[in-house]
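upload.txt (compact mmCIF, C-alpha atoms and all ligand atoms)
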```
# COMPACT_ATOMS: atom_id res chain seq x y z
CA GLY A 1 177.89 71.59 59.17
CA ALA A 2 181.05 69.58 58.79
CA SER A 3 181.44 66.17 60.34
CA CYS A 4 184.07 63.62 61.13
CA GLY A 5 183.31 59.92 61.61
CA ILE A 6 185.13 57.95 64.29
CA VAL A 7 186.09 54.45 63.19
CA GLY A 8 188.44 51.78 64.49
CA LEU A 9 188.49 48.13 65.50
CA PRO A 10 186.61 47.04 68.64
CA ASN A 11 188.31 47.74 71.99
CA VAL A 12 190.62 50.46 70.76
CA GLY A 13 188.92 53.21 72.78
CA LYS A 14 186.35 54.67 70.40
CA SER A 15 183.47 54.75 72.88
CA THR A 16 185.69 56.17 75.59
CA LEU A 17 186.70 58.98 73.24
CA PHE A 18 183.17 59.50 71.97
CA ASN A 19 181.83 59.71 75.52
CA ALA A 20 184.42 62.38 76.25
CA ILE A 21 183.19 64.24 73.18
CA THR A 22 179.55 64.18 74.25
CA GLN A 23 180.48 65.03 77.88
CA ALA A 24 182.44 68.06 76.76
CA GLY A 25 179.65 68.64 74.25
CA ALA A 26 178.38 71.97 73.10
CA GLU A 27 175.21 73.66 74.34
CA SER A 28 173.02 72.23 71.62
CA ALA A 29 170.45 75.03 71.91
CA ASN A 30 172.99 77.21 70.10
CA TYR A 31 173.17 74.81 67.20
CA PRO A 32 169.60 73.99 66.19
CA PHE A 33 170.74 72.94 62.71
CA CYS A 34 172.99 70.18 64.04
CA THR A 35 171.92 66.56 63.85
CA ILE A 36 170.20 65.17 66.92
CA ASP A 37 171.28 61.58 67.09
CA PRO A 38 172.83 59.56 69.94
CA ASN A 39 175.73 58.74 67.64
CA VAL A 40 176.48 62.38 66.94
CA GLY A 41 178.50 64.52 69.33
CA ILE A 42 178.58 68.27 68.77
CA VAL A 43 181.77 69.99 69.90
CA GLU A 44 182.73 73.63 70.04
CA VAL A 45 185.79 74.55 68.03
CA PRO A 46 188.22 76.22 70.42
CA ASP A 47 189.33 79.61 69.12
CA PRO A 48 191.25 82.11 71.27
CA ARG A 49 190.24 84.90 68.87
CA LEU A 50 186.74 84.77 70.32
CA THR A 51 188.10 85.87 73.69
CA LYS A 52 189.81 88.89 72.12
CA LEU A 53 186.72 89.87 70.16
CA THR A 54 184.67 89.60 73.32
CA GLU A 55 186.99 92.05 75.05
CA ILE A 56 186.56 94.52 72.21
CA VAL A 57 182.82 94.21 71.62
CA VAL A 58 181.57 93.17 75.10
CA PRO A 59 178.57 91.22 73.79
CA ASN A 60 175.73 89.60 75.73
CA LYS A 61 176.62 86.22 74.40
CA VAL A 62 179.52 84.36 72.77
CA VAL A 63 178.94 81.37 70.51
CA PRO A 64 181.86 79.33 69.16
CA THR A 65 181.45 77.48 65.92
CA ALA A 66 180.63 73.79 66.15
CA PHE A 67 181.69 70.58 64.57
CA GLU A 68 180.18 67.09 64.58
CA PHE A 69 181.79 63.81 65.48
CA VAL A 70 179.88 60.69 64.48
CA ASP A 71 180.46 57.44 66.35
CA ILE A 72 180.68 54.73 63.73
CA ALA A 73 181.22 51.61 65.80
CA GLY A 74 181.04 48.16 64.35
CA LEU A 75 183.47 48.43 61.49
CA VAL A 76 185.09 45.01 61.74
CA LYS A 77 187.03 42.67 59.53
CA GLY A 78 184.62 41.45 56.87
CA ALA A 79 182.37 44.51 57.02
CA SER A 80 182.63 45.08 53.28
CA ARG A 81 181.26 41.56 52.78
CA GLY A 82 178.35 42.40 55.04
CA GLU A 83 179.72 40.87 58.23
CA GLY A 84 178.84 42.43 61.58
CA LEU A 85 176.19 44.69 60.07
CA GLY A 86 179.02 45.85 57.87
CA ASN A 87 177.10 47.55 55.12
CA GLN A 88 175.09 49.63 57.51
CA PHE A 89 178.27 51.06 59.04
CA LEU A 90 179.86 51.69 55.70
CA GLY A 91 176.72 53.64 54.82
CA HIS A 92 177.27 55.89 57.84
CA ILE A 93 180.81 56.56 56.72
CA ARG A 94 179.51 57.75 53.36
CA GLU A 95 177.73 60.60 55.11
CA VAL A 96 180.71 62.14 56.92
CA ASP A 97 183.24 64.57 55.47
CA ALA A 98 186.35 63.07 57.04
CA ILE A 99 187.39 59.93 58.88
CA CYS A 100 189.05 59.79 62.25
CA GLN A 101 190.60 56.36 62.79
CA VAL A 102 191.28 55.48 66.41
CA VAL A 103 194.26 53.16 66.76
CA ARG A 104 195.12 51.33 69.95
CA CYS A 105 198.62 52.20 71.11
CA PHE A 106 198.19 51.26 74.77
CA GLU A 107 199.09 47.91 76.29
CA ASP A 108 196.69 46.47 78.84
CA GLU A 109 196.53 42.74 79.52
CA ASN A 110 193.02 43.09 80.87
CA ILE A 111 191.62 44.46 77.65
CA THR A 112 191.58 41.97 74.84
CA HIS A 113 192.65 42.98 71.42
CA VAL A 114 190.50 41.55 68.63
CA ALA A 115 193.59 40.46 66.69
CA GLY A 116 195.37 39.04 69.75
CA LYS A 117 198.01 41.70 70.22
CA VAL A 118 198.53 45.44 70.00
CA ASP A 119 199.67 46.05 66.45
CA PRO A 120 198.52 49.40 65.06
CA LEU A 121 199.77 48.87 61.53
CA SER A 122 197.89 45.63 61.19
CA ASP A 123 194.77 47.30 62.66
CA ILE A 124 195.07 50.18 60.22
CA GLU A 125 195.46 47.77 57.34
CA THR A 126 192.37 45.84 58.42
CA ILE A 127 190.21 48.94 58.59
CA ASN A 128 191.59 50.54 55.46
CA LEU A 129 191.18 47.34 53.46
CA GLU A 130 187.51 47.12 54.43
CA LEU A 131 187.03 50.63 53.11
CA VAL A 132 188.99 49.84 49.95
CA PHE A 133 186.94 46.67 49.36
CA ALA A 134 183.72 48.63 49.70
CA ASP A 135 185.00 51.17 47.16
CA LEU A 136 186.15 48.42 44.83
CA ASP A 137 182.65 47.04 44.96
CA SER A 138 181.13 50.44 44.11
CA VAL A 139 183.51 50.93 41.21
CA GLU A 140 182.99 47.46 39.77
CA ARG A 141 179.24 47.88 39.89
CA ARG A 142 179.50 51.21 38.12
CA ILE A 143 181.75 49.80 35.43
CA GLU A 144 179.16 47.13 34.80
CA ARG A 145 176.36 49.67 34.69
CA ILE A 146 177.98 51.96 32.11
CA GLY A 147 179.33 49.09 29.98
CA ARG A 148 176.57 49.29 27.41
CA LYS A 149 176.92 53.06 26.97
CA VAL A 150 180.66 52.72 26.46
CA LYS A 151 180.12 50.07 23.79
CA ALA A 152 177.59 52.33 22.09
CA GLY A 153 180.32 54.94 21.74
CA ASP A 154 179.19 57.37 24.47
CA LYS A 155 182.16 59.71 24.96
CA GLU A 156 181.37 60.75 28.50
CA ALA A 157 180.82 57.16 29.58
CA LYS A 158 184.22 56.29 28.14
CA GLN A 159 185.84 59.13 30.08
CA GLU A 160 184.19 57.87 33.22
CA LEU A 161 185.30 54.34 32.52
CA ASP A 162 188.93 55.49 32.26
CA VAL A 163 188.74 57.04 35.72
CA LEU A 164 186.99 53.98 37.13
CA GLU A 165 189.67 51.68 35.74
CA LYS A 166 192.37 53.85 37.29
CA LEU A 167 190.65 53.63 40.67
CA LYS A 168 190.00 49.94 40.34
CA ALA A 169 193.69 49.27 39.77
CA ALA A 170 194.56 51.22 42.92
CA PHE A 171 191.94 49.38 44.97
CA GLU A 172 193.20 46.03 43.76
CA GLU A 173 196.61 47.00 45.13
CA GLY A 174 194.95 47.84 48.46
CA ASN A 175 195.40 51.59 47.99
CA ALA A 176 192.94 54.34 48.88
CA ALA A 177 191.25 56.56 46.29
CA ARG A 178 192.92 59.56 47.90
CA SER A 179 196.28 58.16 46.78
CA VAL A 180 195.16 58.32 43.12
CA GLU A 181 195.89 61.58 41.35
CA LEU A 182 192.72 62.88 39.77
CA ASP A 183 192.17 66.24 38.11
CA GLU A 184 189.10 68.35 38.69
CA GLU A 185 187.25 66.90 35.72
CA GLU A 186 187.95 63.31 36.79
CA THR A 187 186.95 64.02 40.37
CA LYS A 188 183.63 65.40 39.13
CA LEU A 189 182.93 62.28 37.11
CA ILE A 190 183.12 60.02 40.16
CA ARG A 191 181.63 62.37 42.75
CA ASP A 192 178.28 60.61 42.97
CA LEU A 193 179.97 57.30 43.80
CA HIS A 194 180.62 58.72 47.29
CA LEU A 195 183.79 56.73 47.70
CA LEU A 196 184.90 56.11 51.27
CA THR A 197 188.64 56.17 50.72
CA ILE A 198 188.58 59.55 49.01
CA LYS A 199 187.70 61.22 52.31
CA PRO A 200 190.60 62.72 54.25
CA MET A 201 191.84 60.53 57.12
CA LEU A 202 193.23 61.37 60.50
CA TYR A 203 194.82 58.79 62.78
CA VAL A 204 194.19 59.08 66.49
CA CYS A 205 196.74 57.18 68.57
CA ASN A 206 195.12 56.17 71.83
CA VAL A 207 197.93 55.89 74.38
CA ALA A 208 197.89 54.89 78.05
CA GLU A 209 197.01 57.42 80.76
CA ASP A 210 200.68 57.74 81.72
CA GLY A 211 201.84 57.60 78.14
CA ILE A 212 201.04 61.06 76.82
CA HIS A 213 204.45 62.55 77.54
CA THR A 214 206.35 59.49 76.41
CA ALA A 215 204.43 59.07 73.17
CA ASP A 216 207.50 59.97 71.13
CA SER A 217 209.24 56.83 72.36
CA ASN A 218 206.16 54.61 72.07
CA PRO A 219 207.01 52.22 69.21
CA HIS A 220 203.32 51.86 68.29
CA VAL A 221 203.00 55.62 67.91
CA GLN A 222 206.20 55.75 65.88
CA ALA A 223 204.84 53.09 63.54
CA VAL A 224 201.58 54.99 63.02
CA ARG A 225 203.46 58.23 62.38
CA GLU A 226 205.65 56.62 59.74
CA HIS A 227 202.65 55.08 58.08
CA ALA A 228 200.72 58.36 58.12
CA ALA A 229 203.67 60.28 56.69
CA LYS A 230 203.72 57.92 53.71
CA GLU A 231 200.00 58.48 53.17
CA GLY A 232 200.14 62.19 53.80
CA ALA A 233 197.71 61.70 56.69
CA GLN A 234 197.77 63.49 60.04
CA VAL A 235 198.27 61.98 63.49
CA VAL A 236 196.89 63.15 66.82
CA ILE A 237 197.95 61.55 70.10
CA ILE A 238 195.47 61.33 72.92
CA SER A 239 194.65 59.18 75.90
CA ALA A 240 190.95 58.47 75.66
CA LYS A 241 190.88 57.60 79.37
CA VAL A 242 192.39 60.95 80.31
CA GLU A 243 190.07 62.78 77.93
CA SER A 244 187.05 61.22 79.61
CA GLU A 245 188.33 62.58 82.94
CA ILE A 246 189.05 66.03 81.52
CA ALA A 247 185.61 66.16 79.93
CA GLU A 248 183.95 65.90 83.34
CA LEU A 249 185.60 69.12 84.47
CA GLU A 250 184.95 72.74 83.58
CA GLY A 251 186.57 76.12 83.96
CA GLU A 252 189.24 76.42 86.66
CA ASP A 253 189.04 72.76 87.65
CA LYS A 254 189.74 71.78 84.10
CA GLU A 255 192.65 74.19 83.83
CA MET A 256 194.15 72.91 87.07
CA PHE A 257 193.83 69.31 85.96
CA LEU A 258 195.47 70.08 82.62
CA GLU A 259 198.26 71.87 84.43
CA GLU A 260 198.78 68.86 86.69
CA LEU A 261 199.06 66.72 83.59
CA GLY A 262 201.48 69.20 82.07
CA LEU A 263 199.18 69.90 79.13
CA GLN A 264 198.40 73.21 77.42
CA GLU A 265 195.03 72.03 76.18
CA SER A 266 192.97 68.87 76.09
CA GLY A 267 193.67 66.22 73.49
CA LEU A 268 190.10 66.65 72.39
CA ASP A 269 190.72 70.29 71.53
CA ARG A 270 193.80 69.28 69.56
CA LEU A 271 191.75 66.65 67.77
CA ILE A 272 188.99 69.13 66.93
CA ARG A 273 191.46 71.61 65.48
CA ALA A 274 193.26 68.91 63.49
CA ALA A 275 189.97 67.64 62.04
CA TYR A 276 188.92 71.21 61.21
CA GLU A 277 192.16 71.85 59.34
CA LEU A 278 192.03 68.48 57.64
CA LEU A 279 188.71 69.48 56.10
CA GLY A 280 190.02 72.79 54.82
CA LEU A 281 187.64 74.74 57.01
CA VAL A 282 188.09 78.34 58.08
CA THR A 283 186.29 80.63 60.49
CA TYR A 284 184.77 84.04 60.09
CA PHE A 285 183.10 86.06 62.82
CA THR A 286 180.07 88.20 63.35
CA ALA A 287 180.55 90.63 66.21
CA GLY A 288 177.58 92.59 67.48
CA VAL A 289 176.60 93.72 70.95
CA GLN A 290 174.00 90.96 71.08
CA GLU A 291 176.34 88.20 70.10
CA VAL A 292 179.89 87.49 69.07
CA ARG A 293 179.90 84.35 67.03
CA ALA A 294 182.23 82.17 64.97
CA TRP A 295 181.03 80.54 61.75
CA THR A 296 182.55 77.70 59.77
CA ILE A 297 183.00 77.88 56.02
CA ARG A 298 185.08 76.07 53.45
CA LYS A 299 188.21 77.81 52.28
CA GLY A 300 187.48 79.76 49.10
CA MET A 301 183.80 80.48 49.77
CA LYS A 302 182.48 83.78 48.45
CA ALA A 303 180.66 86.28 50.64
CA PRO A 304 177.07 85.31 49.70
CA GLN A 305 177.71 81.62 50.36
CA ALA A 306 179.40 82.48 53.63
CA ALA A 307 176.35 84.55 54.57
CA GLY A 308 174.19 81.55 53.69
CA VAL A 309 175.78 79.61 56.55
CA ILE A 310 173.94 81.97 58.93
CA HIS A 311 170.66 81.90 57.04
CA THR A 312 169.59 81.07 53.49
CA ASP A 313 167.85 84.49 53.33
CA PHE A 314 171.24 86.13 53.82
CA GLU A 315 172.55 84.38 50.75
CA ARG A 316 169.49 84.99 48.59
CA GLY A 317 169.19 88.66 49.45
CA PHE A 318 172.91 89.41 49.72
CA ILE A 319 173.80 92.99 48.80
CA ARG A 320 177.26 93.46 50.21
CA ALA A 321 179.33 92.83 53.29
CA GLU A 322 181.22 95.14 55.58
CA VAL A 323 184.47 93.45 56.48
CA VAL A 324 187.33 94.05 58.87
CA ALA A 325 190.20 91.61 59.29
CA TYR A 326 190.49 90.19 62.80
CA THR A 327 194.12 91.32 63.11
CA ASP A 328 193.27 94.89 62.03
CA LEU A 329 190.46 95.09 64.56
CA VAL A 330 192.62 93.73 67.36
CA ASP A 331 195.52 96.04 66.43
CA ALA A 332 193.14 98.98 66.52
CA GLY A 333 191.79 97.89 69.89
CA THR A 334 188.30 99.30 69.33
CA VAL A 335 185.76 99.34 66.52
CA ALA A 336 185.96 103.16 66.40
CA VAL A 337 189.74 103.24 65.92
CA ALA A 338 189.55 100.51 63.27
CA ARG A 339 186.98 102.67 61.44
CA GLU A 340 189.13 105.78 61.76
CA ARG A 341 192.02 103.86 60.28
CA GLY A 342 189.87 102.89 57.33
CA LYS A 343 190.13 99.20 58.10
CA TYR A 344 186.45 98.51 57.39
CA ARG A 345 185.87 97.60 53.74
CA LEU A 346 182.75 97.10 51.67
CA GLU A 347 182.94 93.89 49.68
CA GLY A 348 180.63 92.47 47.00
CA LYS A 349 179.42 89.13 45.70
CA GLU A 350 182.79 88.00 44.39
CA TYR A 351 184.69 88.56 47.62
CA ILE A 352 186.38 85.43 48.95
CA VAL A 353 185.98 85.35 52.71
CA GLN A 354 189.26 85.01 54.60
CA ASP A 355 189.94 83.18 57.84
CA GLY A 356 189.42 85.65 60.67
CA ASP A 357 187.26 88.13 58.75
CA VAL A 358 184.77 89.94 60.93
CA MET A 359 181.70 90.30 58.74
CA HIS A 360 178.53 92.34 58.73
CA PHE A 361 176.11 91.41 55.95
CA ARG A 362 173.66 93.73 54.23
CA PHE A 363 170.83 91.96 52.54
CA ASN A 364 167.30 92.39 51.13
CA VAL A 365 164.50 90.42 52.70
P1 LIG A 401 185.72 50.60 71.56
O1 LIG A 401 185.27 49.19 71.46
O2 LIG A 401 186.73 50.95 70.52
O3 LIG A 401 184.62 51.58 71.64
O4 LIG A 401 186.57 50.69 72.91
P2 LIG A 401 186.15 51.23 74.35
O5 LIG A 401 186.18 52.72 74.37
O6 LIG A 401 184.91 50.57 74.81
O7 LIG A 401 187.40 50.72 75.17
C1 LIG A 401 187.65 49.34 75.34
C2 LIG A 401 188.29 49.14 76.67
O8 LIG A 401 189.57 49.77 76.68
C3 LIG A 401 187.49 49.76 77.80
O9 LIG A 401 187.56 48.89 78.90
C4 LIG A 401 188.25 51.05 78.10
O10 LIG A 401 188.13 51.42 79.44
C5 LIG A 401 189.67 50.65 77.77
N1 LIG A 401 190.49 51.79 77.38
C6 LIG A 401 190.19 52.76 76.48
N2 LIG A 401 191.21 53.65 76.40
C7 LIG A 401 192.15 53.22 77.27
C8 LIG A 401 193.43 53.71 77.67
O11 LIG A 401 193.91 54.75 77.22
N3 LIG A 401 194.12 52.96 78.59
C9 LIG A 401 193.61 51.81 79.13
N4 LIG A 401 194.32 51.15 80.01
N5 LIG A 401 192.41 51.35 78.81
C10 LIG A 401 191.69 52.04 77.89
```
Representation of the structure as structure tokens:
Amino acid sequence: GASCGIVGLPNVGKSTLFNAITQAGAESANYPFCTIDPNVGIVEVPDPRLTKLTEIVVPNKVVPTAFEFVDIAGLVKGASRGEGLGNQFLGHIREVDAICQVVRCFEDENITHVAGKVDPLSDIETINLELVFADLDSVERRIERIGRKVKAGDKEAKQELDVLEKLKAAFEEGNAARSVELDEEETKLIRDLHLLTIKPMLYVCNVAEDGIHTADSNPHVQAVREHAAKEGAQVVIISAKVESEIAELEGEDKEMFLEELGLQESGLDRLIRAAYELLGLVTYFTAGVQEVRAWTIRKGMKAPQAAGVIHTDFERGFIRAEVVAYTDLVDAGTVAVARERGKYRLEGKEYIVQDGDVMHFRFNV
């Protein structure tokens, strides 16, 4: 499954947000393949299409697709030099697919800020520099390691060195690897370095409980937005405090509370969707009478790989897939009408699964 690591300086609201995530957490029995770890929170990806499919198919059970958030506390100034168990935390970041950086945008005299005052841009710089330093270290070590091969005239080593030098220059300027333009070939050459700053980043502005509706005029939020726009990063605004209250509620109570707050959906749901999009993930469905279920794949995956998300046997024994687009099925209103209209297609191994496809796989065991 896909995962997003939550980082940020101490006292910015990471734990509050992470607790909201685990509170709201998914029924883990449905996701046996997810990591069981106190630092991992499994969330269901909200998708209104599941409701529609349920109306059409009337299944016994509905299972949304899930997504993991990993609490990576302890990233502090000096982490890349090994301070505050730094290296251990950087190691955890290597394992996630994307980074969610919580930034404090609320003022509260009672809660100390590690740097003395609320200053999101300075906080962002501190965190990002630690990540850049760690990457610089990885790159320098690699350059050293391949030095002999390059001298001996190894062509591939020389190619790699060129990419490493390009990255090194960016890191020395304090810039992230994601800001360096690399073609497919170059990206491949440095893949096994597992650079931290190549991962997509999402900024989460944590605003005060009464600050959600006034976020547009919050100068801290404005500063983060400007910074993110320059980096091509996304921003989500939440109040971790409010999210922890929302997470304790369910069903009608939750809806009423959201309505009182003047919100369409929880900030957590917005965050989940933003992280999902950031990672280039899409959803396909299986829709049987037993179960209607959403599955996560990466954009561009072919049918056998997509089937493999359900079970490796499905991928190995893949024959073909019967596919109907979600919109065609919903337009038709029933499975029978969609069939009459010829909306069900048979697709083979080369078919690229589209967001919203309703799939039925045929496979050999
Ligand atoms: P972490 O160190 O980043 O994990 O931060 P915590 O989640 O432990 O939060 C630090 C302190 O800030 C706690 O006392 C929280 O209750 C408080 N806090 C978190 N979010 C908010 C918020 O939106 N408003 C206010 N006033 N306090 C908050």
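Using all atoms listed in the file for every distance, the candidate list A:Glu173, A:Glu165, A:Glu245, A:Asp313 yields A:Glu245 as the residue closest to ligand LIG 401 (chain A).
With all atoms listed in the file counted, the chains near ligand LIG 401 (chain A) contribute these residues within 6 Å: Pro10, Asn11, Val12, Gly13, Lys14, Ser15, Thr16, Phe106, Asp108, Ile111, Asn206, Val207, Ala208, Glu209, Ser239, Ala240 and Lys241 of chain A.
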Check your understanding: Do you have the CA of Leu136 (chain A)-CA of Lys230 (chain A) distance handy?
Key ->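 Distance between the two atoms: 21.9 Å.
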**Study point:** Residues near Val335 (chain A), cut-off 12 Å, only C-alpha atoms, skip fewer than 2 positions along chain, as a PyMOL selection string
**Key:** chain A and resi 53-58+287-289+323-326+328-333+337-344+358
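Among the candidates A:Gln305, A:Thr65, A:Thr327, A:Ser3, the one nearest to Gly348 (chain A) when counting all atoms listed in the file is A:Gln305.
Counting from CA of Asp97 (chain A), the distance to CA of Glu277 (chain A) is 12.1 Å.
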Practice item. Counting only C-alpha atoms, figure out which residue out of A:Ile21, A:Ile310, A:Val204, A:Leu281 gets nearest to Arg104 (chain A). Key: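 For Arg104 (chain A), the nearest of the candidates is A:Val204.
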Review point. Could you name the residues that touch Lys299 (chain A) at 12 Å or less, counting all atoms listed in the file, but leaving out those on the same chain fewer than 5 positions away, as a ChimeraX atom specification?
Key: /A:276-284,305-306,352-356
Point to revise | Proximity to Phe257 (chain A) - best of A:Ala134, A:Val242, A:Leu161, A:His213, all atoms listed in the file | key: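 Among the listed residues, A:Val242 lies closest to Phe257 (chain A).
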**Study point:** Nearest-residue call for Gly78 (chain A), choices A:Lys151, A:His113, A:Glu140, A:Leu90, using all atoms listed in the file
**Key:**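 Selected residue with least distance to Gly78 (chain A): A:Leu90.
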Exercise for review: Just the residues within 12 Å of Arg225 (chain A), please, counting only C-alpha atoms, with nothing from its chain fewer than 5 positions along; format it as a PyMOL selection string.
Suggested key: chain A and resi 103+105+120-121+124+202-205+215-220+230-237
Practice item. Measuring atom to atom with only C-alpha atoms, identify which of A:Ile72, A:Leu167, A:Ala275, A:Val180 is nearest to Arg94 (chain A). Key: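 Smallest distance to Arg94 (chain A) is found for A:Ile72.
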Practice item. Enter the distance from CA of Asp357 (chain A) to CA of Glu322 (chain A), in Å, rounded to one decimal. Key: 9.8 Å
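Near Asp37 (chain A), within 12 Å and counting all atoms listed in the file, sit Thr22, Ser28, Ile42, Glu68, Phe69, Val70 and Asp71 of chain A, not including residues fewer than 5 positions from it in the same chain.
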If you keep C-alpha atoms, can you produce a file of those selected residues as a PDB file, keeping the file's coordinate frame?
```
ATOM      1  CA  THR A  22     179.550  64.180  74.250  1.00  0.00           C
ATOM      2  CA  SER A  28     173.020  72.230  71.620  1.00  0.00           C
ATOM      3  CA  ILE A  42     178.580  68.270  68.770  1.00  0.00           C
ATOM      4  CA  GLU A  68     180.180  67.090  64.580  1.00  0.00           C
ATOM      5  CA  PHE A  69     181.790  63.810  65.480  1.00  0.00           C
ATOM      6  CA  VAL A  70     179.880  60.690  64.480  1.00  0.00           C
ATOM      7  CA  ASP A  71     180.460  57.440  66.350  1.00  0.00           C
TER       8      ASP A  71
END
```
Review point. Taking (182.5, 50.7, 27.2) in the file's coordinates, which residues come within 7 Å, counting all atoms listed in the file, written as number ranges by chain?
Key: A: 146-151, 158
Practice item. Show which residues sit within 8 Å of Ala177 (chain A), as a list of chain:residue names. Count only C-alpha atoms, and ignore same-chain residues fewer than 5 positions away. Key: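 In the requested format, the answer is A:Val132, A:Leu167, A:Ala170, A:Phe171, A:Leu195, A:Thr197, A:Ile198.
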Since the input lacks some atoms of region 266-281 of chain A, please model N, CA and C atoms and print them as a PDB file, in the coordinates of the input.
```pdb
ATOM      1  N   SER A 266     193.394  70.266  76.118  1.00  0.00           N
ATOM      2  CA  SER A 266     192.970  68.870  76.090  1.00  0.00           C
ATOM      3  C   SER A 266     193.292  68.251  74.734  1.00  0.00           C
ATOM      4  N   GLY A 267     193.432  66.927  74.738  1.00  0.00           N
ATOM      5  CA  GLY A 267     193.670  66.220  73.490  1.00  0.00           C
ATOM      6  C   GLY A 267     192.488  66.368  72.557  1.00  0.00           C
ATOM      7  N   LEU A 268     191.318  66.481  73.164  1.00  0.00           N
ATOM      8  CA  LEU A 268     190.100  66.650  72.390  1.00  0.00           C
ATOM      9  C   LEU A 268     190.149  67.949  71.585  1.00  0.00           C
ATOM     10  N   ASP A 269     190.591  69.011  72.231  1.00  0.00           N
ATOM     11  CA  ASP A 269     190.720  70.290  71.530  1.00  0.00           C
ATOM     12  C   ASP A 269     191.721  70.195  70.381  1.00  0.00           C
ATOM     13  N   ARG A 270     192.813  69.466  70.632  1.00  0.00           N
ATOM     14  CA  ARG A 270     193.800  69.280  69.560  1.00  0.00           C
ATOM     15  C   ARG A 270     193.175  68.496  68.408  1.00  0.00           C
ATOM     16  N   LEU A 271     192.406  67.480  68.788  1.00  0.00           N
ATOM     17  CA  LEU A 271     191.750  66.650  67.770  1.00  0.00           C
ATOM     18  C   LEU A 271     190.755  67.470  66.942  1.00  0.00           C
ATOM     19  N   ILE A 272     189.982  68.296  67.619  1.00  0.00           N
ATOM     20  CA  ILE A 272     188.990  69.130  66.930  1.00  0.00           C
ATOM     21  C   ILE A 272     189.686  70.053  65.930  1.00  0.00           C
ATOM     22  N   ARG A 273     190.766  70.686  66.379  1.00  0.00           N
ATOM     23  CA  ARG A 273     191.460  71.610  65.480  1.00  0.00           C
ATOM     24  C   ARG A 273     192.074  70.880  64.295  1.00  0.00           C
ATOM     25  N   ALA A 274     192.640  69.694  64.569  1.00  0.00           N
ATOM     26  CA  ALA A 274     193.260  68.910  63.490  1.00  0.00           C
ATOM     27  C   ALA A 274     192.198  68.501  62.457  1.00  0.00           C
ATOM     28  N   ALA A 275     191.034  68.066  62.946  1.00  0.00           N
ATOM     29  CA  ALA A 275     189.970  67.640  62.040  1.00  0.00           C
ATOM     30  C   ALA A 275     189.479  68.831  61.216  1.00  0.00           C
ATOM     31  N   TYR A 276     189.375  69.976  61.860  1.00  0.00           N
ATOM     32  CA  TYR A 276     188.920  71.210  61.210  1.00  0.00           C
ATOM     33  C   TYR A 276     189.876  71.588  60.074  1.00  0.00           C
ATOM     34  N   GLU A 277     191.163  71.517  60.355  1.00  0.00           N
ATOM     35  CA  GLU A 277     192.160  71.850  59.340  1.00  0.00           C
ATOM     36  C   GLU A 277     192.163  70.826  58.221  1.00  0.00           C
ATOM     37  N   LEU A 278     192.036  69.569  58.615  1.00  0.00           N
ATOM     38  CA  LEU A 278     192.030  68.480  57.640  1.00  0.00           C
ATOM     39  C   LEU A 278     190.951  68.709  56.581  1.00  0.00           C
ATOM     40  N   LEU A 279     189.833  69.276  56.998  1.00  0.00           N
ATOM     41  CA  LEU A 279     188.710  69.480  56.100  1.00  0.00           C
ATOM     42  C   LEU A 279     188.792  70.785  55.311  1.00  0.00           C
ATOM     43  N   GLY A 280     189.869  71.528  55.533  1.00  0.00           N
ATOM     44  CA  GLY A 280     190.020  72.790  54.820  1.00  0.00           C
ATOM     45  C   GLY A 280     188.962  73.806  55.230  1.00  0.00           C
ATOM     46  N   LEU A 281     188.657  73.817  56.534  1.00  0.00           N
ATOM     47  CA  LEU A 281     187.640  74.740  57.010  1.00  0.00           C
ATOM     48  C   LEU A 281     188.303  75.996  57.586  1.00  0.00           C
TER      49      LEU A 281
END
```
